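Raw contents of my_file-v6.cif, mmCIF, C-alpha atoms:
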```
data_target
loop_
_atom_site.label_atom_id
_atom_site.label_comp_id
_atom_site.auth_asym_id
_atom_site.auth_seq_id
_atom_site.Cartn_x
_atom_site.Cartn_y
_atom_site.Cartn_z
CA MET E 29 -56.22 152.21 55.24
CA ASP E 30 -53.77 155.04 56.00
CA SER E 31 -56.56 157.10 57.56
CA GLU E 32 -56.89 154.46 60.31
CA THR E 33 -53.35 155.26 61.50
CA LEU E 34 -53.75 159.05 61.59
CA LEU E 35 -53.81 159.37 65.39
CA ALA E 36 -50.71 157.20 65.72
CA ARG E 37 -48.93 159.31 63.10
CA ILE E 38 -50.07 162.62 64.61
CA THR E 39 -48.85 161.62 68.08
CA ASP E 40 -45.57 160.18 66.75
CA TYR E 41 -42.79 162.47 68.00
CA ALA E 42 -41.44 162.77 64.44
CA SER E 43 -44.60 164.75 63.56
CA ARG E 44 -44.24 167.26 66.38
CA PRO E 45 -42.47 169.99 64.36
CA ASP E 46 -45.24 170.05 61.74
CA PRO E 47 -48.44 168.06 62.28
CA TYR E 48 -50.45 170.29 59.94
CA PRO E 49 -50.13 168.15 56.76
CA LEU E 50 -51.59 165.28 58.81
CA TYR E 51 -54.44 167.51 59.95
CA ALA E 52 -55.16 168.34 56.29
CA GLU E 53 -55.17 164.60 55.57
CA LEU E 54 -57.61 164.12 58.45
CA ARG E 55 -60.01 166.73 57.09
CA GLU E 56 -59.81 165.18 53.62
CA ALA E 57 -60.61 161.73 55.02
CA GLY E 58 -63.90 163.01 56.44
CA PRO E 59 -65.37 164.88 59.34
CA VAL E 60 -65.03 161.70 61.44
CA VAL E 61 -62.34 159.04 60.96
CA ARG E 62 -62.31 155.77 62.88
CA GLN E 63 -58.88 154.60 64.01
CA ALA E 64 -57.45 151.07 64.14
CA ASP E 65 -57.60 151.12 67.96
CA GLY E 66 -61.35 151.87 67.94
CA SER E 67 -61.08 155.58 68.72
CA TYR E 68 -62.50 158.33 66.50
CA LEU E 69 -60.86 161.51 65.21
CA VAL E 70 -62.79 164.66 64.37
CA GLY E 71 -60.86 167.37 62.52
CA THR E 72 -63.38 169.73 60.88
CA TYR E 73 -64.40 173.02 62.48
CA HIS E 74 -68.18 172.85 62.51
CA GLU E 75 -68.30 169.23 63.72
CA ILE E 76 -65.81 169.97 66.52
CA ALA E 77 -67.84 173.02 67.59
CA ALA E 78 -71.07 170.99 67.68
CA LEU E 79 -69.48 168.22 69.77
CA LEU E 80 -67.89 170.67 72.24
CA HIS E 81 -71.40 172.02 72.90
CA ASP E 82 -73.16 168.60 72.94
CA PRO E 83 -74.16 167.53 76.48
CA ARG E 84 -73.98 163.87 75.38
CA MET E 85 -70.20 164.23 75.07
CA SER E 86 -68.47 163.67 78.40
CA ALA E 87 -65.13 165.10 79.50
CA ASP E 88 -64.98 162.73 82.49
CA PRO E 89 -62.46 159.85 82.13
CA ARG E 90 -64.56 157.82 84.57
CA THR E 91 -67.07 157.41 81.73
CA ARG E 92 -64.63 154.97 80.11
CA ARG E 93 -62.56 153.44 82.88
CA GLU E 94 -62.74 152.58 86.54
CA THR E 95 -60.98 155.01 88.82
CA THR E 96 -61.57 156.09 92.39
CA ARG E 97 -59.92 159.47 91.96
CA LYS E 98 -62.14 162.44 91.27
CA PRO E 99 -60.84 164.49 88.33
CA PRO E 100 -60.39 168.28 88.42
CA PHE E 101 -63.31 170.32 87.10
CA LEU E 102 -61.65 170.53 83.68
CA ARG E 103 -62.51 166.81 83.30
CA LEU E 104 -65.97 166.86 84.90
CA ASP E 105 -69.44 167.22 83.39
CA ASP E 106 -72.28 169.43 84.56
CA PRO E 107 -73.72 169.85 87.15
CA GLU E 108 -70.55 168.81 89.06
CA HIS E 109 -68.35 170.80 86.67
CA HIS E 110 -70.50 173.94 86.98
CA ARG E 111 -70.46 173.85 90.78
CA LEU E 112 -66.68 173.46 91.11
CA ARG E 113 -65.85 175.89 88.31
CA THR E 114 -68.12 178.49 89.92
CA LEU E 115 -66.43 178.05 93.31
CA ALA E 116 -62.98 178.23 91.72
CA MET E 117 -63.93 181.43 89.86
CA ARG E 118 -65.00 183.31 93.01
CA PRO E 119 -61.50 184.56 93.94
CA PHE E 120 -60.35 184.80 90.30
CA GLY E 121 -62.83 186.75 88.22
CA PRO E 122 -66.27 188.35 87.81
CA PRO E 123 -68.67 188.80 89.44
CA HIS E 124 -67.04 188.22 92.86
CA SER E 125 -63.45 189.28 92.08
CA PRO E 126 -63.79 191.46 88.96
CA GLY E 127 -60.46 193.25 89.34
CA ARG E 128 -58.19 190.27 90.08
CA VAL E 129 -56.80 189.70 86.57
CA ASP E 130 -56.68 193.36 85.51
CA ALA E 131 -54.81 194.18 88.71
CA MET E 132 -52.05 191.83 87.54
CA ARG E 133 -51.24 193.91 84.44
CA GLY E 134 -48.69 196.12 86.20
CA GLU E 135 -46.96 193.15 87.79
CA ILE E 136 -46.89 191.24 84.49
CA ASP E 137 -45.31 194.25 82.75
CA ARG E 138 -42.75 194.53 85.56
CA ILE E 139 -41.83 190.82 85.28
CA THR E 140 -41.43 191.04 81.49
CA ARG E 141 -39.17 194.10 81.85
CA GLU E 142 -37.00 192.31 84.42
CA LEU E 143 -36.70 189.24 82.19
CA THR E 144 -35.67 191.28 79.13
CA GLU E 145 -33.19 193.54 80.95
CA SER E 146 -30.36 191.07 80.36
CA PHE E 147 -31.07 190.73 76.61
CA ARG E 148 -28.08 192.11 74.72
CA ALA E 149 -27.12 192.14 71.05
CA GLY E 150 -24.98 189.14 70.19
CA ARG E 151 -26.30 187.08 73.09
CA GLN E 152 -27.80 183.64 72.54
CA LEU E 153 -30.76 182.83 74.73
CA ASP E 154 -33.41 180.16 75.09
CA ILE E 155 -36.83 181.79 74.75
CA VAL E 156 -38.35 178.97 76.83
CA ASP E 157 -35.99 178.83 79.83
CA ASP E 158 -35.05 182.51 79.82
CA PHE E 159 -38.48 184.03 79.25
CA ALA E 160 -41.57 182.02 78.27
CA TYR E 161 -41.39 179.67 81.28
CA PRO E 162 -40.45 182.06 84.12
CA LEU E 163 -43.08 184.67 83.20
CA PRO E 164 -46.29 182.61 83.64
CA VAL E 165 -44.79 180.59 86.50
CA THR E 166 -44.05 183.78 88.43
CA VAL E 167 -47.54 185.10 87.69
CA ILE E 168 -49.42 181.95 88.74
CA CYS E 169 -47.29 181.60 91.89
CA ARG E 170 -48.18 185.19 92.79
CA LEU E 171 -51.89 184.62 92.14
CA LEU E 172 -52.14 181.38 94.10
CA GLY E 173 -49.72 182.37 96.86
CA VAL E 174 -47.02 179.76 96.15
CA PRO E 175 -43.49 180.78 97.21
CA ARG E 176 -41.45 181.29 94.04
CA GLU E 177 -38.53 179.36 95.57
CA ASP E 178 -40.68 176.21 95.59
CA GLU E 179 -41.02 176.28 91.79
CA PRO E 180 -38.43 173.49 91.22
CA LEU E 181 -40.63 171.20 93.32
CA PHE E 182 -43.73 171.57 91.21
CA ARG E 183 -41.92 171.66 87.85
CA ALA E 184 -41.18 167.93 88.19
CA TRP E 185 -44.71 167.25 89.43
CA SER E 186 -46.16 169.28 86.57
CA ASP E 187 -44.12 167.38 83.96
CA ALA E 188 -45.44 164.05 85.29
CA VAL E 189 -49.07 165.22 85.40
CA VAL E 190 -48.93 166.67 81.88
CA ALA E 191 -47.33 163.49 80.49
CA SER E 192 -50.16 161.40 81.95
CA ALA E 193 -52.76 163.67 80.31
CA ASP E 194 -51.39 163.21 76.79
CA VAL E 195 -53.13 161.25 74.02
CA ARG E 196 -51.06 158.07 73.56
CA PRO E 197 -52.55 155.49 71.16
CA GLU E 198 -51.09 151.99 70.90
CA GLU E 199 -48.99 152.53 74.01
CA ASP E 200 -49.16 151.00 77.48
CA SER E 201 -49.77 154.09 79.59
CA THR E 202 -49.98 152.32 82.97
CA GLU E 203 -46.61 153.54 84.25
CA THR E 204 -47.13 157.10 82.98
CA ASP E 205 -50.62 157.24 84.48
CA GLN E 206 -49.37 155.99 87.85
CA ALA E 207 -46.54 158.55 87.87
CA GLY E 208 -49.06 161.27 87.02
CA ASP E 209 -51.42 160.20 89.81
CA GLN E 210 -48.55 160.12 92.31
CA ALA E 211 -47.35 163.60 91.24
CA ARG E 212 -50.89 164.98 91.40
CA MET E 213 -51.32 163.57 94.92
CA GLU E 214 -48.00 164.98 96.19
CA MET E 215 -48.64 168.35 94.57
CA GLY E 216 -52.17 168.47 95.99
CA ARG E 217 -50.89 167.68 99.48
CA TYR E 218 -48.29 170.43 99.21
CA LEU E 219 -50.88 173.02 98.07
CA VAL E 220 -53.44 172.03 100.73
CA ASN E 221 -50.77 172.34 103.44
CA LEU E 222 -49.81 175.74 102.07
CA ALA E 223 -53.46 176.82 102.07
CA GLU E 224 -54.00 175.59 105.64
CA ARG E 225 -51.18 177.84 106.83
CA ARG E 226 -53.27 180.77 105.51
CA ARG E 227 -56.42 179.76 107.40
CA ASP E 228 -57.39 182.70 109.63
CA ARG E 229 -54.17 184.44 108.52
CA PRO E 230 -55.03 185.31 104.92
CA SER E 231 -52.87 187.15 102.45
CA ASP E 232 -53.97 188.53 99.08
CA ASP E 233 -53.91 185.28 97.10
CA MET E 234 -56.33 182.62 95.85
CA LEU E 235 -55.33 179.85 98.28
CA SER E 236 -56.13 182.24 101.14
CA ALA E 237 -59.48 183.06 99.56
CA PHE E 238 -60.35 179.36 99.18
CA VAL E 239 -59.69 178.39 102.80
CA ASN E 240 -61.17 181.55 104.31
CA GLU E 241 -64.47 181.49 102.39
CA PRO E 242 -67.02 182.59 105.04
CA ASP E 243 -70.01 180.73 103.56
CA PRO E 244 -69.85 176.98 104.39
CA ALA E 245 -71.97 176.20 101.31
CA LEU E 246 -69.33 177.77 99.06
CA ARG E 247 -66.26 176.08 100.53
CA LEU E 248 -64.23 173.49 98.66
CA THR E 249 -63.63 170.19 100.43
CA GLN E 250 -59.98 169.33 101.05
CA GLU E 251 -60.01 166.93 98.08
CA GLU E 252 -61.64 169.56 95.85
CA LEU E 253 -59.15 172.19 97.00
CA ALA E 254 -56.25 169.88 96.16
CA GLU E 255 -57.55 169.06 92.66
CA THR E 256 -58.53 172.65 91.89
CA ALA E 257 -55.23 174.15 93.08
CA VAL E 258 -53.21 171.57 91.12
CA LEU E 259 -55.25 172.30 88.00
CA LEU E 260 -54.84 176.07 88.33
CA LEU E 261 -51.11 175.85 88.98
CA ILE E 262 -50.43 173.53 86.03
CA ALA E 263 -52.90 175.03 83.54
CA GLY E 264 -51.86 178.51 84.66
CA HIS E 265 -48.41 178.15 83.18
CA GLU E 266 -48.12 175.10 80.87
CA THR E 267 -50.31 176.39 78.05
CA THR E 268 -49.06 179.99 78.33
CA VAL E 269 -45.45 178.82 77.94
CA ASN E 270 -46.46 177.18 74.64
CA LEU E 271 -48.50 180.18 73.52
CA ILE E 272 -45.57 182.57 74.00
CA THR E 273 -42.96 180.21 72.54
CA ASN E 274 -45.08 179.22 69.52
CA GLY E 275 -45.74 182.93 69.06
CA VAL E 276 -42.06 183.88 68.97
CA LEU E 277 -41.27 181.01 66.58
CA THR E 278 -44.12 182.03 64.27
CA LEU E 279 -43.07 185.68 64.23
CA LEU E 280 -39.43 184.83 63.48
CA ARG E 281 -40.61 182.66 60.58
CA HIS E 282 -42.73 185.56 59.26
CA PRO E 283 -40.36 188.57 59.27
CA GLY E 284 -42.77 190.73 57.25
CA GLN E 285 -45.51 190.33 59.84
CA LEU E 286 -42.98 190.76 62.65
CA ASP E 287 -41.85 194.09 61.15
CA ARG E 288 -45.45 195.21 60.86
CA LEU E 289 -46.13 194.42 64.53
CA ARG E 290 -43.01 196.33 65.55
CA ARG E 291 -44.35 199.35 63.61
CA GLU E 292 -47.96 198.86 64.77
CA PRO E 293 -47.88 197.35 68.28
CA GLU E 294 -51.58 198.20 68.63
CA LEU E 295 -52.19 195.07 66.48
CA LEU E 296 -50.84 192.82 69.27
CA PRO E 297 -54.23 191.77 70.70
CA ARG E 298 -55.39 190.60 67.25
CA ALA E 299 -52.00 188.98 66.63
CA VAL E 300 -52.37 186.93 69.84
CA GLU E 301 -55.81 185.73 68.67
CA GLU E 302 -54.29 184.70 65.35
CA LEU E 303 -51.47 182.85 67.13
CA LEU E 304 -54.09 181.00 69.16
CA ARG E 305 -55.64 179.89 65.87
CA TYR E 306 -52.49 179.35 63.82
CA ALA E 307 -50.29 177.59 66.41
CA PRO E 308 -52.49 176.77 69.42
CA PRO E 309 -50.88 175.50 72.63
CA VAL E 310 -53.63 172.86 73.03
CA GLN E 311 -53.89 170.73 69.91
CA MET E 312 -56.61 168.24 70.85
CA ARG E 313 -59.11 167.18 73.49
CA GLU E 314 -60.68 163.81 74.27
CA ARG E 315 -64.41 163.38 74.76
CA ILE E 316 -66.49 160.25 75.50
CA PRO E 317 -70.12 159.87 74.36
CA HIS E 318 -72.67 159.02 77.07
CA ALA E 319 -74.99 157.84 74.28
CA ALA E 320 -74.74 157.20 70.56
CA VAL E 321 -74.05 160.48 68.73
CA ASP E 322 -74.43 160.86 64.97
CA VAL E 323 -71.90 163.12 63.26
CA ALA E 324 -72.06 163.62 59.50
CA GLY E 325 -73.36 160.08 58.96
CA THR E 326 -70.97 158.37 61.39
CA THR E 327 -72.26 157.07 64.71
CA LEU E 328 -69.99 157.63 67.70
CA PRO E 329 -70.83 154.73 70.05
CA PRO E 330 -71.18 155.15 73.84
CA SER E 331 -67.89 154.98 75.79
CA ALA E 332 -65.73 155.40 72.65
CA SER E 333 -62.68 157.64 72.79
CA VAL E 334 -63.37 160.64 70.55
CA VAL E 335 -60.40 162.93 69.91
CA LEU E 336 -61.38 166.44 68.83
CA VAL E 337 -58.37 167.82 66.94
CA LEU E 338 -58.83 171.51 67.75
CA ALA E 339 -55.72 172.58 65.83
CA SER E 340 -57.10 170.92 62.70
CA GLY E 341 -60.42 172.75 63.09
CA ASN E 342 -58.44 176.00 63.37
CA ARG E 343 -57.05 175.36 59.87
CA ASP E 344 -60.34 174.25 58.26
CA PRO E 345 -60.74 176.11 54.91
CA LYS E 346 -64.53 175.75 55.24
CA ARG E 347 -64.34 178.12 58.22
CA PHE E 348 -61.23 180.28 57.71
CA HIS E 349 -60.06 182.04 54.56
CA GLU E 350 -56.52 180.93 53.62
CA PRO E 351 -56.21 179.06 56.94
CA ASP E 352 -52.53 178.17 56.52
CA ARG E 353 -51.58 181.85 56.28
CA PHE E 354 -50.53 183.69 59.44
CA ASP E 355 -52.47 186.95 59.37
CA PRO E 356 -52.33 189.17 62.51
CA THR E 357 -55.19 191.31 61.14
CA ARG E 358 -57.54 188.36 60.48
CA PRO E 359 -61.18 189.32 61.10
CA ASP E 360 -63.85 186.99 62.54
CA ASN E 361 -61.26 184.85 64.29
CA GLN E 362 -63.43 182.49 66.34
CA HIS E 363 -60.72 179.90 66.99
CA PHE E 364 -60.50 176.90 69.33
CA GLY E 365 -57.34 178.21 71.01
CA PHE E 366 -59.14 178.20 74.37
CA GLY E 367 -61.62 175.45 73.48
CA SER E 368 -65.34 176.18 73.40
CA GLY E 369 -68.53 175.34 75.25
CA ILE E 370 -68.80 174.83 79.01
CA HIS E 371 -65.09 173.95 79.29
CA LEU E 372 -63.88 177.18 77.65
CA CYS E 373 -60.51 177.93 79.26
CA TYR E 374 -60.95 179.35 82.76
CA GLY E 375 -57.69 181.32 82.54
CA ALA E 376 -58.16 182.76 79.03
CA PRO E 377 -58.28 186.45 80.16
CA LEU E 378 -55.01 186.06 82.06
CA ALA E 379 -53.30 184.14 79.23
CA ARG E 380 -54.24 186.87 76.76
CA ILE E 381 -52.76 189.59 78.98
CA GLU E 382 -49.57 187.56 79.54
CA ALA E 383 -49.10 186.81 75.83
CA GLN E 384 -49.68 190.43 74.80
CA ALA E 385 -47.26 191.69 77.46
CA ALA E 386 -44.67 189.04 76.62
CA LEU E 387 -44.67 189.60 72.86
CA GLY E 388 -44.83 193.35 73.35
CA ALA E 389 -41.70 193.23 75.52
CA LEU E 390 -39.93 190.95 73.03
CA LEU E 391 -40.78 192.84 69.83
CA PRO E 392 -37.91 195.39 70.16
CA HIS E 393 -35.44 192.48 70.45
CA LEU E 394 -36.85 190.23 67.71
CA GLY E 395 -36.20 192.51 64.72
CA THR E 396 -32.59 191.33 64.43
CA ALA E 397 -33.02 187.98 66.21
CA ARG E 398 -32.22 184.75 64.37
CA LEU E 399 -33.31 181.20 65.09
CA VAL E 400 -30.32 179.05 66.04
CA GLN E 401 -32.22 175.84 65.25
CA ASP E 402 -35.27 175.43 63.02
CA PRO E 403 -37.21 173.35 63.72
CA PRO E 404 -36.31 173.52 67.40
CA PRO E 405 -36.52 170.50 69.73
CA TYR E 406 -40.14 169.93 70.75
CA ARG E 407 -41.73 168.66 73.93
CA GLN E 408 -42.87 165.04 73.86
CA ASN E 409 -46.50 165.96 74.46
CA ALA E 410 -48.69 165.89 71.33
CA MET E 411 -51.73 167.43 73.02
CA LEU E 412 -49.84 170.42 74.51
CA ARG E 413 -47.56 171.15 71.55
CA GLY E 414 -44.66 173.55 71.82
CA PRO E 415 -40.85 173.73 71.64
CA ARG E 416 -38.96 172.40 74.66
CA HIS E 417 -36.22 174.91 73.85
CA LEU E 418 -36.14 177.80 71.39
CA PRO E 419 -32.56 179.06 71.03
CA VAL E 420 -32.24 182.44 69.32
CA ARG E 421 -29.33 184.80 68.76
CA LEU E 422 -30.09 188.51 69.24
#
```

Please express the file's structure as structure tokens.
Amino acid sequence: MDSETLLARITDYASRPDPYPLYAELREAGPVVRQADGSYLVGTYHEIAALLHDPRMSADPRTRRETTRKPPFLRLDDPEHHRLRTLAMRPFGPPHSPGRVDAMRGEIDRITRELTESFRAGRQLDIVDDFAYPLPVTVICRLLGVPREDEPLFRAWSDAVVASADVRPEEDSTETDQAGDQARMEMGRYLVNLAERRRDRPSDDMLSAFVNEPDPALRLTQEELAETAVLLLIAGHETTVNLITNGVLTLLRHPGQLDRLRREPELLPRAVEELLRYAPPVQMRERIPHAAVDVAGTTLPPSASVVLVLASGNRDPKRFHEPDRFDPTRPDNQHFGFGSGIHLCYGAPLARIEAQAALGALLPHLGTARLVQDPPPYRQNAMLRGPRHLPVRL
């Protein structure tokens, strides 16, 4: 049956520019579709929401395979996940650091202005390399306390880690997984060494806050610090790059809506929420049942790979009116752009501010901008979907 090959077709690079017809096929085939490799796909909104909130569904890869390495809290279950996420949140957000993200607004606006200063009519630029990548990288480096000049180091590490986290059916992932583990280890060692240099000599950054926590019960171990810092550095820019780039591509493909946003910039916050629904940076997540879980008449067996196709749920007509239409004024927009449940994206408040600032700074330049290539070249990753380059002419 064709439905048994859906995951392989969705993750095929040829589908990267437009996976949405395959997501429609997935929803038509049923809330749950078993794949030829024994995994299960879930593509309907209400079933995805229920599974994201079901404590029987594990995010921990150790549920399925032997590994000695402890995952970051993004891939842990409660109570371990809750403990580490809580410790990681202390220097980042409420209640302990309520002003951290809001205090970044001025700096984010300054960075966006600097990046757009060189934009001139007639110039061709790459939205990714010239804007969407440097903005969140600069912001996350500032937050964590990573010297900006070290960015080339962790870009290669980040690429390897992200590649190893992708969904890759019918493919021997041993080499990619090993490269990802090696990159994660090297990156963790670098960040721990950086943090140690701040011990007893803190500056105003999160690495300093982690190593100078006065309460021994609230300190991260060295291994936990490494995994947490790697996660924050990678997640703090990878998904935001895609959010901004997918946003620019969507706006240039919808000139009427782009013109409206240029006239009514106060709609930007709602437009960002719609972009998170319409073209989300994270397309899918894997979960593993601890026990048998029944979903719409299908039993998900323990230890099976269950892929929740968040981007498909975001286009489910049973949840969203005219889901394939980009509507920056859409009401009741409870999307999966940041996931849902206990693993709701830790950095969502920061990503929203960055996307609003980025698109706000770009709007004056996009009115006469033209795509040089459509579709643009995409990144290999099917889970974190976005253009690798987005050339436009102003």

message: Running the PyMOL selection byres ((chain E and resi 259) around 10) on this model by hand, what would come out? Give it as a list of chain:residue names.
response: E:Pro99, E:Pro100, E:Phe101, E:Leu102, E:Ser186, E:Val189, E:Arg212, E:Gly216, E:Leu253, E:Ala254, E:Glu255, E:Thr256, E:Ala257, E:Val258, E:Leu260, E:Leu261, E:Ile262, E:Ala263, E:Gly264

Write out as a CSV table (one decimal) with C-alpha atoms, in the coordinates of the input each polymer residue whose atoms come within 12 Å of E:Ile76, counting only C-alpha atoms; drop sequence neighbours fewer than 5 positions from it.
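Now in result.csv:
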```csv
chain,number,residue,atom,x,y,z
E,55,ARG,CA,-60.0,166.7,57.1
E,59,PRO,CA,-65.4,164.9,59.3
E,60,VAL,CA,-65.0,161.7,61.4
E,69,LEU,CA,-60.9,161.5,65.2
E,70,VAL,CA,-62.8,164.7,64.4
E,71,GLY,CA,-60.9,167.4,62.5
E,81,HIS,CA,-71.4,172.0,72.9
E,82,ASP,CA,-73.2,168.6,72.9
E,85,MET,CA,-70.2,164.2,75.1
E,312,MET,CA,-56.6,168.2,70.8
E,313,ARG,CA,-59.1,167.2,73.5
E,314,GLU,CA,-60.7,163.8,74.3
E,315,ARG,CA,-64.4,163.4,74.8
E,323,VAL,CA,-71.9,163.1,63.3
E,324,ALA,CA,-72.1,163.6,59.5
E,334,VAL,CA,-63.4,160.6,70.6
E,335,VAL,CA,-60.4,162.9,69.9
E,336,LEU,CA,-61.4,166.4,68.8
E,337,VAL,CA,-58.4,167.8,66.9
E,338,LEU,CA,-58.8,171.5,67.8
E,339,ALA,CA,-55.7,172.6,65.8
E,340,SER,CA,-57.1,170.9,62.7
E,341,GLY,CA,-60.4,172.8,63.1
E,342,ASN,CA,-58.4,176.0,63.4
E,344,ASP,CA,-60.3,174.2,58.3
E,347,ARG,CA,-64.3,178.1,58.2
E,363,HIS,CA,-60.7,179.9,67.0
E,364,PHE,CA,-60.5,176.9,69.3
E,367,GLY,CA,-61.6,175.4,73.5
E,368,SER,CA,-65.3,176.2,73.4
E,369,GLY,CA,-68.5,175.3,75.2
```

task: Name the closest residue to E:Leu50 among the candidates E:Pro123, E:Thr114, E:Asp30, E:His349; distances are taken between atoms, counting only C-alpha atoms.
output: E:Asp30

- line: Correct to one decimal, the distance atom CA of E:Ser231-atom CA of E:Asp243 is 18.3 Å

task: Check what the PyMOL selection byres ((chain E and resi 392) around 12) selects in the file above and give those residues as a PyMOL selection string.
output: chain E and resi 141+144-145+147-149+286-293+386-391+393-397+422

- request: Within 12 Å of (-67.6, 174.0, 79.8) (coordinates as in the file), grab all the protein and nucleic acid residues, counting all atoms listed in the file, and write them out as an NGL selection string.
  value: :E and (79-83 or 85-88 or 101-114 or 366-374)

- request: Evaluate the PyMOL selection byres ((chain E and resi 206) around 12) on the structure here and hand back the selected residues as an NGL selection string.
  value: :E and (95 or 97 or 188-189 or 191-193 or 200-205 or 207-213)
